[in-house]
file upload-v6.pdb (PDB, C-alpha atoms and all ligand atoms)
ATOM      1  CA  MET A  17      36.012-195.771  51.100
ATOM      2  CA  GLY A  18      39.379-196.201  52.816
ATOM      3  CA  LYS A  19      40.992-194.395  55.700
ATOM      4  CA  PHE A  20      42.857-191.667  53.874
ATOM      5  CA  LYS A  21      45.446-190.821  56.480
ATOM      6  CA  VAL A  22      48.247-188.413  55.528
ATOM      7  CA  ILE A  23      51.530-190.129  56.411
ATOM      8  CA  GLU A  24      54.038-187.842  54.793
ATOM      9  CA  LYS A  25      54.090-184.326  53.467
ATOM     10  CA  LEU A  26      56.488-182.471  51.194
ATOM     11  CA  GLU A  27      56.285-178.708  50.768
ATOM     12  CA  ALA A  28      58.147-176.581  48.281
ATOM     13  CA  ALA A  29      58.159-173.127  46.730
ATOM     14  CA  ILE A  30      60.023-173.218  43.453
ATOM     15  CA  ASP A  31      60.726-171.326  40.253
ATOM     16  CA  PHE A  32      58.997-173.376  37.592
ATOM     17  CA  ASN A  33      58.209-172.795  33.901
ATOM     18  CA  PHE A  34      54.623-173.432  32.879
ATOM     19  CA  GLU A  35      52.148-172.042  30.382
ATOM     20  CA  HIS A  36      50.981-168.930  32.232
ATOM     21  CA  GLY A  37      53.535-168.278  34.954
ATOM     22  CA  ASN A  38      56.867-168.918  36.616
ATOM     23  CA  LYS A  39      56.412-170.037  40.237
ATOM     24  CA  GLU A  40      54.731-172.835  42.121
ATOM     25  CA  LYS A  41      53.922-173.545  45.728
ATOM     26  CA  ILE A  42      53.496-177.244  46.242
ATOM     27  CA  TYR A  43      52.028-179.340  49.023
ATOM     28  CA  ARG A  44      52.434-183.014  48.229
ATOM     29  CA  TYR A  45      50.820-185.697  50.395
ATOM     30  CA  LEU A  46      51.488-189.362  50.759
ATOM     31  CA  ILE A  47      48.250-191.015  51.810
ATOM     32  CA  ASN A  48      47.606-194.364  53.381
ATOM     33  CA  PHE A  49      44.183-195.077  51.980
ATOM     34  CA  ASP A  50      43.810-198.769  52.634
ATOM     35  CA  ASP A  51      46.085-200.050  55.434
ATOM     36  CA  ASN A  52      48.773-201.381  53.146
ATOM     37  CA  ARG A  53      48.352-199.188  50.087
ATOM     38  CA  ILE A  54      49.613-195.718  49.481
ATOM     39  CA  ILE A  55      48.900-193.006  46.945
ATOM     40  CA  GLU A  56      49.951-189.411  46.404
ATOM     41  CA  CYS A  57      47.988-186.240  45.869
ATOM     42  CA  MET A  58      49.100-182.646  45.698
ATOM     43  CA  THR A  59      47.995-179.024  45.907
ATOM     44  CA  ILE A  60      49.796-176.760  43.455
ATOM     45  CA  ILE A  61      49.404-173.007  43.669
ATOM     46  CA  HIS A  62      50.461-171.536  40.334
ATOM     47  CA  LEU A  63      51.831-168.007  40.383
ATOM     48  CA  ASN A  64      53.101-165.502  37.898
ATOM     49  CA  ASP A  65      55.694-163.700  40.001
ATOM     50  CA  ASN A  66      53.521-163.282  43.100
ATOM     51  CA  GLU A  67      50.179-163.080  41.312
ATOM     52  CA  PRO A  68      48.032-166.203  41.922
ATOM     53  CA  ILE A  69      46.884-167.860  38.692
ATOM     54  CA  ASP A  70      45.093-170.950  39.932
ATOM     55  CA  VAL A  71      44.974-173.771  42.429
ATOM     56  CA  THR A  72      45.428-177.175  40.858
ATOM     57  CA  ILE A  73      44.733-180.321  42.857
ATOM     58  CA  GLU A  74      46.473-183.332  41.403
ATOM     59  CA  ILE A  75      44.921-186.670  42.339
ATOM     60  CA  SER A  76      45.629-190.384  41.893
ATOM     61  CA  ASN A  77      43.187-192.857  40.421
ATOM     62  CA  MET A  78      45.153-196.063  41.012
ATOM     63  CA  TYR A  79      47.551-197.673  43.392
ATOM     64  CA  ASN A  80      50.416-199.124  41.318
ATOM     65  CA  CYS A  81      49.901-197.669  37.866
ATOM     66  CA  ILE A  82      49.171-200.015  34.994
ATOM     67  CA  VAL A  83      51.319-198.135  32.446
ATOM     68  CA  GLY A  84      54.715-198.703  34.026
ATOM     69  CA  CYS A  85      56.620-195.740  32.587
ATOM     70  CA  ARG A  86      60.288-196.484  33.053
ATOM     71  CA  PHE A  87      61.016-193.227  34.872
ATOM     72  CA  CYS A  88      58.126-193.488  37.329
ATOM     73  CA  ALA A  89      58.027-195.250  40.684
ATOM     74  CA  SER A  90      54.237-195.321  40.730
ATOM     75  CA  GLY A  91      54.082-198.089  38.185
ATOM     76  CA  SER A  92      56.488-200.428  39.879
ATOM     77  CA  LEU A  93      55.158-200.919  43.367
ATOM     78  CA  PRO A  94      55.465-204.527  44.472
ATOM     79  CA  GLU A  95      51.831-205.454  44.797
ATOM     80  CA  SER A  96      48.666-205.927  42.801
ATOM     81  CA  ARG A  97      46.930-202.925  41.278
ATOM     82  CA  THR A  98      43.995-201.225  42.916
ATOM     83  CA  PHE A  99      41.621-198.882  41.153
ATOM     84  CA  LEU A 100      40.236-196.060  43.224
ATOM     85  CA  LYS A 101      36.585-195.006  43.278
ATOM     86  CA  ALA A 102      34.952-191.692  42.397
ATOM     87  CA  GLU A 103      34.465-190.966  46.122
ATOM     88  CA  ASP A 104      38.203-191.521  46.638
ATOM     89  CA  TYR A 105      38.978-188.802  44.068
ATOM     90  CA  LEU A 106      36.740-186.333  45.895
ATOM     91  CA  LYS A 107      38.321-187.288  49.211
ATOM     92  CA  GLN A 108      41.781-186.423  47.862
ATOM     93  CA  VAL A 109      40.554-183.027  46.694
ATOM     94  CA  GLU A 110      39.098-182.341  50.139
ATOM     95  CA  ILE A 111      42.281-183.490  51.913
ATOM     96  CA  CYS A 112      44.479-181.321  49.699
ATOM     97  CA  ILE A 113      42.368-178.213  50.292
ATOM     98  CA  LYS A 114      42.141-178.805  54.044
ATOM     99  CA  GLU A 115      45.760-179.838  54.674
ATOM    100  CA  SER A 116      47.300-177.053  52.622
ATOM    101  CA  ASN A 117      45.087-174.583  54.483
ATOM    102  CA  ILE A 118      44.074-172.572  51.439
ATOM    103  CA  ASN A 119      41.009-170.461  50.869
ATOM    104  CA  LEU A 120      39.700-171.185  47.373
ATOM    105  CA  ASN A 121      38.252-167.667  47.193
ATOM    106  CA  ASP A 122      41.817-166.322  47.031
ATOM    107  CA  TYR A 123      42.380-167.915  43.610
ATOM    108  CA  PRO A 124      40.778-167.116  40.266
ATOM    109  CA  LYS A 125      40.552-170.756  39.147
ATOM    110  CA  LEU A 126      40.240-174.232  40.607
ATOM    111  CA  TYR A 127      41.500-177.135  38.545
ATOM    112  CA  VAL A 128      41.508-180.830  39.408
ATOM    113  CA  ALA A 129      44.119-182.760  37.497
ATOM    114  CA  PHE A 130      44.079-186.471  36.728
ATOM    115  CA  THR A 131      47.833-186.278  36.451
ATOM    116  CA  GLY A 132      48.768-188.133  39.625
ATOM    117  CA  ILE A 133      49.265-191.876  39.876
ATOM    118  CA  GLY A 134      47.216-193.931  37.445
ATOM    119  CA  GLU A 135      45.934-194.084  33.889
ATOM    120  CA  PRO A 136      42.487-192.411  33.604
ATOM    121  CA  SER A 137      41.433-194.117  30.348
ATOM    122  CA  VAL A 138      41.446-197.544  31.998
ATOM    123  CA  VAL A 139      38.916-196.283  34.553
ATOM    124  CA  LYS A 140      37.056-193.944  32.211
ATOM    125  CA  GLU A 141      33.614-194.558  33.761
ATOM    126  CA  GLU A 142      34.884-193.948  37.293
ATOM    127  CA  VAL A 143      36.736-190.816  36.143
ATOM    128  CA  ALA A 144      33.496-189.444  34.650
ATOM    129  CA  LYS A 145      31.629-190.247  37.880
ATOM    130  CA  GLY A 146      34.385-188.649  39.932
ATOM    131  CA  ILE A 147      34.386-185.466  37.850
ATOM    132  CA  MET A 148      30.636-185.118  38.323
ATOM    133  CA  LEU A 149      30.962-185.716  42.063
ATOM    134  CA  ILE A 150      33.737-183.128  42.380
ATOM    135  CA  LYS A 151      31.690-180.661  40.324
ATOM    136  CA  GLU A 152      28.702-181.097  42.634
ATOM    137  CA  ARG A 153      30.913-180.050  45.538
ATOM    138  CA  TYR A 154      33.035-177.407  43.724
ATOM    139  CA  ASN A 155      30.796-175.831  41.156
ATOM    140  CA  ASN A 156      33.440-173.825  39.251
ATOM    141  CA  VAL A 157      35.967-176.652  38.905
ATOM    142  CA  GLU A 158      37.618-177.550  35.586
ATOM    143  CA  VAL A 159      39.557-180.734  34.919
ATOM    144  CA  ASN A 160      42.882-181.665  33.290
ATOM    145  CA  ILE A 161      43.341-185.247  32.128
ATOM    146  CA  ALA A 162      46.720-186.776  31.312
ATOM    147  CA  THR A 163      46.320-190.074  29.507
ATOM    148  CA  THR A 164      48.396-192.391  27.383
ATOM    149  CA  GLY A 165      45.110-193.535  25.852
ATOM    150  CA  PHE A 166      45.540-197.129  27.004
ATOM    151  CA  ASP A 167      41.863-197.594  26.427
ATOM    152  CA  ASN A 168      41.480-195.519  23.285
ATOM    153  CA  LYS A 169      37.679-195.575  23.618
ATOM    154  CA  CYS A 170      37.941-193.100  26.497
ATOM    155  CA  PHE A 171      37.612-189.980  24.331
ATOM    156  CA  GLU A 172      34.466-191.283  22.656
ATOM    157  CA  TYR A 173      33.039-192.226  26.051
ATOM    158  CA  TRP A 174      33.749-188.831  27.662
ATOM    159  CA  ASN A 175      32.522-187.088  24.511
ATOM    160  CA  LYS A 176      28.960-188.183  25.233
ATOM    161  CA  LEU A 177      29.011-186.596  28.676
ATOM    162  CA  ASN A 178      28.912-183.006  29.746
ATOM    163  CA  LEU A 179      32.206-182.814  31.640
ATOM    164  CA  PRO A 180      34.257-179.679  32.361
ATOM    165  CA  ILE A 181      37.430-181.046  30.744
ATOM    166  CA  ARG A 182      39.898-178.229  30.128
ATOM    167  CA  TYR A 183      42.569-180.225  28.375
ATOM    168  CA  PHE A 184      43.804-183.669  27.492
ATOM    169  CA  GLN A 185      47.498-184.288  27.757
ATOM    170  CA  LEU A 186      49.031-187.144  25.777
ATOM    171  CA  PRO A 187      52.674-188.109  26.250
ATOM    172  CA  TYR A 188      55.171-188.120  23.395
ATOM    173  CA  TYR A 189      58.408-190.032  23.960
ATOM    174  CA  SER A 190      59.201-191.005  20.377
ATOM    175  CA  CYS A 191      57.559-192.052  17.145
ATOM    176  CA  GLU A 192      59.808-195.134  17.009
ATOM    177  CA  LYS A 193      58.197-198.324  18.247
ATOM    178  CA  ASP A 194      61.188-199.707  20.122
ATOM    179  CA  LYS A 195      61.718-196.456  22.011
ATOM    180  CA  ILE A 196      58.027-196.224  22.902
ATOM    181  CA  LYS A 197      58.128-199.786  24.190
ATOM    182  CA  TYR A 198      61.284-199.021  26.178
ATOM    183  CA  ILE A 199      59.694-196.077  27.991
ATOM    184  CA  ILE A 200      56.060-197.249  28.192
ATOM    185  CA  GLN A 201      56.898-200.724  29.409
ATOM    186  CA  ASN A 202      53.332-202.079  29.397
ATOM    187  CA  ALA A 203      52.150-200.324  26.237
ATOM    188  CA  PRO A 204      49.256-202.274  24.701
ATOM    189  CA  LYS A 205      49.922-203.968  21.355
ATOM    190  CA  ASP A 206      47.544-201.618  19.554
ATOM    191  CA  TYR A 207      48.983-198.468  21.160
ATOM    192  CA  ASP A 208      48.749-195.772  18.517
ATOM    193  CA  LEU A 209      49.509-192.179  19.484
ATOM    194  CA  ILE A 210      48.311-190.753  16.165
ATOM    195  CA  ASN A 211      44.913-192.373  16.628
ATOM    196  CA  ASN A 212      44.727-191.141  20.216
ATOM    197  CA  ILE A 213      45.488-187.581  19.137
ATOM    198  CA  LYS A 214      42.779-187.836  16.455
ATOM    199  CA  GLU A 215      40.256-189.011  19.059
ATOM    200  CA  ALA A 216      41.218-186.225  21.463
ATOM    201  CA  ILE A 217      40.864-183.652  18.675
ATOM    202  CA  LYS A 218      37.467-185.108  17.788
ATOM    203  CA  TYR A 219      36.447-184.468  21.401
ATOM    204  CA  ARG A 220      37.764-180.908  21.123
ATOM    205  CA  LYS A 221      35.663-180.237  18.018
ATOM    206  CA  ASN A 222      32.565-180.918  20.138
ATOM    207  CA  HIS A 223      33.837-179.131  23.248
ATOM    208  CA  ASN A 224      35.512-175.889  22.245
ATOM    209  CA  GLU A 225      36.844-175.186  25.713
ATOM    210  CA  CYS A 226      38.993-178.349  25.670
ATOM    211  CA  ARG A 227      42.566-178.232  24.357
ATOM    212  CA  VAL A 228      44.904-181.029  23.364
ATOM    213  CA  LYS A 229      48.435-180.948  24.748
ATOM    214  CA  ILE A 230      51.262-183.182  23.683
ATOM    215  CA  ASN A 231      53.664-183.681  26.552
ATOM    216  CA  TYR A 232      57.072-184.111  24.936
ATOM    217  CA  VAL A 233      59.177-185.351  27.850
ATOM    218  CA  VAL A 234      62.733-184.779  26.692
ATOM    219  CA  MET A 235      65.324-187.389  27.688
ATOM    220  CA  GLU A 236      68.995-187.220  26.789
ATOM    221  CA  GLY A 237      70.028-189.958  24.376
ATOM    222  CA  ILE A 238      66.422-191.090  23.839
ATOM    223  CA  ASN A 239      64.584-188.296  22.047
ATOM    224  CA  ASP A 240      66.671-185.115  22.241
ATOM    225  CA  SER A 241      68.822-185.148  19.087
ATOM    226  CA  GLU A 242      68.174-182.754  16.192
ATOM    227  CA  LYS A 243      67.009-185.746  14.176
ATOM    228  CA  ASP A 244      64.605-186.806  16.941
ATOM    229  CA  VAL A 245      63.101-183.319  17.036
ATOM    230  CA  GLU A 246      62.780-183.194  13.244
ATOM    231  CA  LYS A 247      61.037-186.576  13.271
ATOM    232  CA  MET A 248      58.580-185.406  15.885
ATOM    233  CA  ILE A 249      57.836-182.204  13.982
ATOM    234  CA  GLU A 250      57.088-184.260  10.885
ATOM    235  CA  TYR A 251      55.108-186.913  12.804
ATOM    236  CA  LEU A 252      52.752-184.361  14.361
ATOM    237  CA  LYS A 253      52.409-181.981  11.431
ATOM    238  CA  GLU A 254      48.841-182.934  10.475
ATOM    239  CA  PHE A 255      47.761-181.767  13.950
ATOM    240  CA  LYS A 256      49.748-178.533  14.031
ATOM    241  CA  ASP A 257      46.706-176.256  14.332
ATOM    242  CA  ASP A 258      44.965-178.350  16.958
ATOM    243  CA  ILE A 259      47.671-179.151  19.501
ATOM    244  CA  ILE A 260      49.991-177.445  21.931
ATOM    245  CA  ILE A 261      53.384-179.014  22.554
ATOM    246  CA  LYS A 262      54.566-178.898  26.131
ATOM    247  CA  VAL A 263      58.337-179.392  26.115
ATOM    248  CA  SER A 264      58.922-180.944  29.529
ATOM    249  CA  TYR A 265      61.909-181.532  31.728
ATOM    250  CA  LEU A 266      61.938-185.015  33.200
ATOM    251  CA  ASN A 267      61.424-184.777  36.944
ATOM    252  CA  TYR A 268      64.013-186.484  39.075
ATOM    253  CA  THR A 269      62.962-189.832  40.607
ATOM    254  CA  GLU A 270      64.850-192.855  41.905
ATOM    255  CA  LYS A 271      63.633-194.692  38.792
ATOM    256  CA  CYS A 272      65.282-192.069  36.570
ATOM    257  CA  LYS A 273      68.514-192.577  38.458
ATOM    258  CA  GLU A 274      68.244-196.364  38.182
ATOM    259  CA  ASN A 275      67.640-196.182  34.419
ATOM    260  CA  ASN A 276      69.998-193.279  33.779
ATOM    261  CA  LEU A 277      67.209-191.115  32.385
ATOM    262  CA  HIS A 278      67.511-187.348  32.564
ATOM    263  CA  SER A 279      66.742-184.213  30.612
ATOM    264  CA  PRO A 280      69.355-182.370  28.579
ATOM    265  CA  SER A 281      70.686-179.012  29.820
ATOM    266  CA  GLN A 282      68.599-175.866  29.946
ATOM    267  CA  LYS A 283      70.434-174.555  26.868
ATOM    268  CA  GLU A 284      69.518-177.692  24.901
ATOM    269  CA  MET A 285      65.901-177.520  26.083
ATOM    270  CA  HIS A 286      65.631-173.941  24.809
ATOM    271  CA  LYS A 287      67.182-174.965  21.496
ATOM    272  CA  ILE A 288      64.601-177.742  21.129
ATOM    273  CA  LEU A 289      61.776-175.369  22.054
ATOM    274  CA  ASN A 290      62.945-172.890  19.425
ATOM    275  CA  SER A 291      63.088-175.544  16.698
ATOM    276  CA  ILE A 292      59.503-176.539  17.464
ATOM    277  CA  LYS A 293      58.402-172.899  17.542
ATOM    278  CA  GLN A 294      60.104-172.202  14.219
ATOM    279  CA  ALA A 295      58.229-175.132  12.704
ATOM    280  CA  GLY A 296      55.017-173.226  13.519
ATOM    281  CA  TYR A 297      53.789-175.101  16.587
ATOM    282  CA  ASP A 298      52.194-173.537  19.630
ATOM    283  CA  CYS A 299      54.568-174.688  22.384
ATOM    284  CA  TYR A 300      56.054-173.822  25.758
ATOM    285  CA  LEU A 301      58.676-175.040  28.183
ATOM    286  CA  PHE A 302      57.520-176.901  31.288
ATOM    287  CA  GLY A 303      59.493-177.618  34.435
ATOM    288  CA  THR A 304      62.906-176.745  35.653
ATOM    289  CA  GLU A 305      66.465-177.917  35.250
ATOM    290  CA  ASN A 306      66.891-178.188  39.019
ATOM    291  CA  ASN A 307      66.105-181.348  40.865
ATOM    292  CA  THR A 308      62.870-180.360  42.571
ATOM    293  CA  GLU A 309      62.337-183.865  43.982
ATOM    294  CA  LEU A 310      58.728-183.496  42.921
ATOM    295  CA  GLY A 311      58.538-186.160  40.234
ATOM    296  CA  CYS A 312      55.694-188.617  39.877
ATOM    297  CA  GLY A 313      55.965-191.180  42.658
ATOM    298  CA  GLN A 314      58.495-189.082  44.535
ATOM    299  CA  LEU A 315      57.070-189.984  47.938
ATOM    300  CA  VAL A 316      55.672-193.364  47.008
ATOM    301  CA  GLN A 317      59.089-194.601  45.914
ATOM    302  CA  ASN A 318      60.285-194.528  49.513
ATOM    303  CA  TYR A 319      57.791-197.147  50.571
ATOM    304  CA  ILE A 320      57.147-200.753  49.840
ATOM    305  CA  CYS A 321      54.155-202.792  50.839
ATOM    306  CA  ASP A 322      54.618-205.966  52.770
ATOM    307  CA  GLU A 323      52.067-208.480  51.473
ATOM    308  CA  ASN A 324      52.431-210.792  54.496
ATOM    309  CA  SER A 325      52.168-208.349  57.316
ATOM    310  CA  LYS A 326      49.846-206.090  55.299
ATOM    311  CA  SER A 327      51.697-203.073  56.502
ATOM    312  CA  ILE A 328      53.636-200.255  54.894
ATOM    313  CA  ARG A 329      57.374-200.197  55.397
ATOM    314  CA  SER A 330      59.603-197.301  54.581
ATOM    315  CA  GLN A 331      62.767-198.131  52.654
ATOM    316  CA  ASN A 332      64.429-194.957  53.806
ATOM    317  CA  PHE A 333      64.300-192.730  56.767
ATOM    318  CA  ILE A 334      61.465-190.358  55.981
ATOM    319  CA  ARG A 335      60.956-186.939  57.405
ATOM    320  CA  LYS A 336      58.609-184.122  56.742
ATOM    321  CA  LYS A 337      60.512-182.059  54.280
ATOM    322  CA  VAL A 338      60.135-178.315  53.898
ATOM    323  CA  MET A 339      62.055-176.411  51.250
ATOM    324  CA  ASN A 340      61.888-172.671  50.784
TER
HETATM  325  S1  LIG B 401      54.070-191.460  34.686
HETATM  326 FE1  LIG B 401      51.841-191.568  35.021
HETATM  327  S2  LIG B 401      51.160-193.061  33.459
HETATM  328 FE2  LIG B 401      53.380-193.364  33.689
HETATM  329  S3  LIG B 401      53.582-194.997  35.257
HETATM  330 FE3  LIG B 401      53.684-192.991  36.313
HETATM  331  S4  LIG B 401      51.597-192.626  36.985
HETATM  332 FE4  LIG B 401      51.488-194.187  35.383
END

call {"tool": "encode", "arguments": {"input": "upload-v6.pdb", "output": "structure tokens"}}
result
Amino acid sequence: MGKFKVIEKLEAAIDFNFEHGNKEKIYRYLINFDDNRIIECMTIIHLNDNEPIDVTIEISNMYNCIVGCRFCASGSLPESRTFLKAEDYLKQVEICIKESNINLNDYPKLYVAFTGIGEPSVVKEEVAKGIMLIKERYNNVEVNIATTGFDNKCFEYWNKLNLPIRYFQLPYYSCEKDKIKYIIQNAPKDYDLINNIKEAIKYRKNHNECRVKINYVVMEGINDSEKDVEKMIEYLKEFKDDIIIKVSYLNYTEKCKENNLHSPSQKEMHKILNSIKQAGYDCYLFGTENNTELGCGQLVQNYICDENSKSIRSQNFIRKKVMN
């Protein structure tokens, strides 16, 4: 296992739409885990007004994500990929709890989310090992997994194991091949969202506690027109009773700026949400119109790794940032 030294921290308390509440307290950590490699992990305290709902610890499973989503800095770091180990997942959970100085007894639920840097399906065995290791240490933990389904055998693999998976989250950017390829730059040739949803639902049939979320990340000019929404509604209709659609704002990152990717206005987002609701889907709005600077790879994007000197260099002047 590496060194796991916290080298930067970002704290924020923000108004934020999510399924069961409206506020978040966030402690995001940039971690030097291996001399010249950096990852991010984060403690999120979810609140409804001031009532605590849960603590969610978001962890990374890779350095330099294999998927390469166009809006995300995590997939475009200038060095070879590194897959983390089960012990590294547990270490991130421990760091997050310790550094954010929280008492788990103060919160009704503890969730660990594979929603940080990395694609869990590609390391499905390690993810299963990691979940079991985390469960040994935190008995009441439940797990959220966000996956593009790069390795579409992951659902079948996890299905055979007794894991406390609370939901799978699969991204939806479009049902048009060229748009998918534009956003998911390294999408495998056989990438098939419909098949992935079917596999996730199959898992759900055997594990009633697990839900399937479709993360519709709305981007102006890419997938936000009335026609785009209609197409999505039609595309997903066979799964209507088995999925929840999370209508998400795109978090601000440098990559978004570079590629001119952003969400439509709040008014438009509500209009889209209503259309999906009217079509009979279970759905909710996720995120905020404001630039929270909390997007995937938000801290990582400020650093590059120098292969020759094997050291981390910061591209910008970095400071500990505290927002109230
Ligand atoms: S958004 Fe997630 S899956 Fe996409 S490149 Fe970033 S870390 Fe990887």

call {"tool": "residues_near_ligand", "arguments": {"input": "upload-v6.pdb", "ligand": "ligand LIG 401 (chain B)", "cutoff": "8 Å", "atoms": "only C-alpha atoms and all ligand atoms", "output": "ChimeraX atom specification"}}
result
/A:80-92,131-135,162-164,200,312-313

call {"tool": "atom_distance", "arguments": {"input": "upload-v6.pdb", "atom1": "atom CA of A:Met235", "atom2": "atom CA of A:Cys170"}}
result
28.0 Å

call {"tool": "resolve_selection", "arguments": {"input": "upload-v6.pdb", "expression": "the PyMOL selection byres (((chain A and resi 240-245) around 12) and not hetatm)", "output": "MDAnalysis selection string"}}
result
chainID A and resid 188:192 195 232:239 246:252 261 263:266 277:281 284:295

call {"tool": "residues_around", "arguments": {"input": "upload-v6.pdb", "residues": "A:Glu172", "least_positions_apart": "6", "cutoff": "10 Å", "atoms": "all atoms listed in the file", "output": "list in words"}}
result
Glu215, Ala216, Lys218 and Tyr219 of chain A

call {"tool": "closest_residue", "arguments": {"input": "upload-v6.pdb", "among": "A:His62, A:Lys21, A:Lys151, A:Lys256", "to": "A:Leu46", "atoms": "all atoms listed in the file"}}
result
A:Lys21

call {"tool": "residues_around", "arguments": {"input": "upload-v6.pdb", "residues": "A:Asn121", "least_positions_apart": "6", "cutoff": "12 Å", "atoms": "only C-alpha atoms", "output": "list in words"}}
result
Pro68, Asp70, Val71, Ile113, Tyr154 and Asn156 of chain A

call {"tool": "write_last_selection", "arguments": {"input": "upload-v6.pdb", "atoms": "C-alpha atoms", "output": "PDB file, keeping the file's coordinate frame"}}
result
ATOM      1  CA  PRO A  68      48.032-166.203  41.922  1.00  0.00           C
ATOM      2  CA  ASP A  70      45.093-170.950  39.932  1.00  0.00           C
ATOM      3  CA  VAL A  71      44.974-173.771  42.429  1.00  0.00           C
ATOM      4  CA  ILE A 113      42.368-178.213  50.292  1.00  0.00           C
ATOM      5  CA  TYR A 154      33.035-177.407  43.724  1.00  0.00           C
ATOM      6  CA  ASN A 156      33.440-173.825  39.251  1.00  0.00           C
TER       7      ASN A 156
END

call {"tool": "closest_residue", "arguments": {"input": "upload-v6.pdb", "among": "A:Ile210, A:Leu301, A:Ile61, A:Leu100", "to": "A:Lys140", "atoms": "only C-alpha atoms"}}
result
A:Leu100

call {"tool": "closest_residue", "arguments": {"input": "upload-v6.pdb", "among": "A:Tyr300, A:Val128, A:Tyr207, A:Cys226", "to": "A:Met148", "atoms": "only C-alpha atoms"}}
result
A:Val128

call {"tool": "resolve_selection", "arguments": {"input": "upload-v6.pdb", "expression": "the PyMOL selection byres (((chain A and resi 106) around 10) and not hetatm)", "output": "JSON, numbers by chain"}}
result
{"A": [75, 101, 102, 103, 104, 105, 107, 108, 109, 110, 111, 112, 128, 146, 147, 148, 149, 150, 151, 153, 154]}

call {"tool": "resolve_selection", "arguments": {"input": "upload-v6.pdb", "expression": "the PyMOL selection byres (((chain A and resi 230) around 9) and not hetatm)", "output": "number ranges by chain"}}
result
A: 184-188, 213, 228-229, 231-232, 259-263

call {"tool": "closest_residue", "arguments": {"input": "upload-v6.pdb", "among": "A:Tyr43, A:Phe255, A:Tyr198, A:Phe32", "to": "A:Asn117", "atoms": "only C-alpha atoms"}}
result
A:Tyr43

call {"tool": "atom_distance", "arguments": {"input": "upload-v6.pdb", "atom1": "atom CA of A:Val157", "atom2": "atom CA of A:Lys221"}}
result
21.2 Å

call {"tool": "atom_distance", "arguments": {"input": "upload-v6.pdb", "atom1": "atom CA of A:Ile30", "atom2": "atom CA of A:Ile42"}}
result
8.2 Å

call {"tool": "decode", "arguments": {"input": "upload-v6.pdb", "residues": "stretch 169-179 of chain A", "atoms": "N, CA, C and O atoms", "output": "PDB file, in the first residue's frame"}}
result
ATOM      1  N   LYS A 169     -19.535  -7.739 -17.828  1.00  0.00           N
ATOM      2  CA  LYS A 169     -19.697  -8.968 -17.021  1.00  0.00           C
ATOM      3  C   LYS A 169     -19.722  -8.632 -15.525  1.00  0.00           C
ATOM      4  O   LYS A 169     -19.858  -9.511 -14.684  1.00  0.00           O
ATOM      5  N   CYS A 170     -19.537  -7.366 -15.194  1.00  0.00           N
ATOM      6  CA  CYS A 170     -19.428  -7.002 -13.773  1.00  0.00           C
ATOM      7  C   CYS A 170     -20.691  -7.336 -12.987  1.00  0.00           C
ATOM      8  O   CYS A 170     -20.608  -7.852 -11.872  1.00  0.00           O
ATOM      9  N   PHE A 171     -21.857  -7.109 -13.582  1.00  0.00           N
ATOM     10  CA  PHE A 171     -23.111  -7.323 -12.843  1.00  0.00           C
ATOM     11  C   PHE A 171     -23.278  -8.805 -12.502  1.00  0.00           C
ATOM     12  O   PHE A 171     -23.657  -9.166 -11.397  1.00  0.00           O
ATOM     13  N   GLU A 172     -22.969  -9.637 -13.493  1.00  0.00           N
ATOM     14  CA  GLU A 172     -23.060 -11.090 -13.299  1.00  0.00           C
ATOM     15  C   GLU A 172     -22.078 -11.529 -12.205  1.00  0.00           C
ATOM     16  O   GLU A 172     -22.405 -12.349 -11.357  1.00  0.00           O
ATOM     17  N   TYR A 173     -20.883 -10.946 -12.239  1.00  0.00           N
ATOM     18  CA  TYR A 173     -19.858 -11.302 -11.260  1.00  0.00           C
ATOM     19  C   TYR A 173     -20.300 -10.906  -9.851  1.00  0.00           C
ATOM     20  O   TYR A 173     -20.255 -11.705  -8.918  1.00  0.00           O
ATOM     21  N   TRP A 174     -20.760  -9.659  -9.691  1.00  0.00           N
ATOM     22  CA  TRP A 174     -21.175  -9.188  -8.358  1.00  0.00           C
ATOM     23  C   TRP A 174     -22.443  -9.904  -7.884  1.00  0.00           C
ATOM     24  O   TRP A 174     -22.658 -10.068  -6.695  1.00  0.00           O
ATOM     25  N   ASN A 175     -23.243 -10.350  -8.846  1.00  0.00           N
ATOM     26  CA  ASN A 175     -24.496 -11.034  -8.529  1.00  0.00           C
ATOM     27  C   ASN A 175     -24.272 -12.291  -7.692  1.00  0.00           C
ATOM     28  O   ASN A 175     -25.081 -12.652  -6.851  1.00  0.00           O
ATOM     29  N   LYS A 176     -23.122 -12.936  -7.932  1.00  0.00           N
ATOM     30  CA  LYS A 176     -22.857 -14.202  -7.230  1.00  0.00           C
ATOM     31  C   LYS A 176     -22.400 -13.963  -5.793  1.00  0.00           C
ATOM     32  O   LYS A 176     -22.265 -14.894  -5.023  1.00  0.00           O
ATOM     33  N   LEU A 177     -22.113 -12.735  -5.455  1.00  0.00           N
ATOM     34  CA  LEU A 177     -21.546 -12.436  -4.142  1.00  0.00           C
ATOM     35  C   LEU A 177     -22.580 -11.741  -3.265  1.00  0.00           C
ATOM     36  O   LEU A 177     -23.526 -11.139  -3.775  1.00  0.00           O
ATOM     37  N   ASN A 178     -22.347 -11.818  -1.994  1.00  0.00           N
ATOM     38  CA  ASN A 178     -23.299 -11.196  -1.070  1.00  0.00           C
ATOM     39  C   ASN A 178     -22.770  -9.812  -0.656  1.00  0.00           C
ATOM     40  O   ASN A 178     -22.167  -9.664   0.382  1.00  0.00           O
ATOM     41  N   LEU A 179     -22.999  -8.830  -1.519  1.00  0.00           N
ATOM     42  CA  LEU A 179     -22.432  -7.499  -1.289  1.00  0.00           C
ATOM     43  C   LEU A 179     -23.542  -6.503  -0.952  1.00  0.00           C
ATOM     44  O   LEU A 179     -24.630  -6.582  -1.539  1.00  0.00           O
TER      45      LEU A 179
END
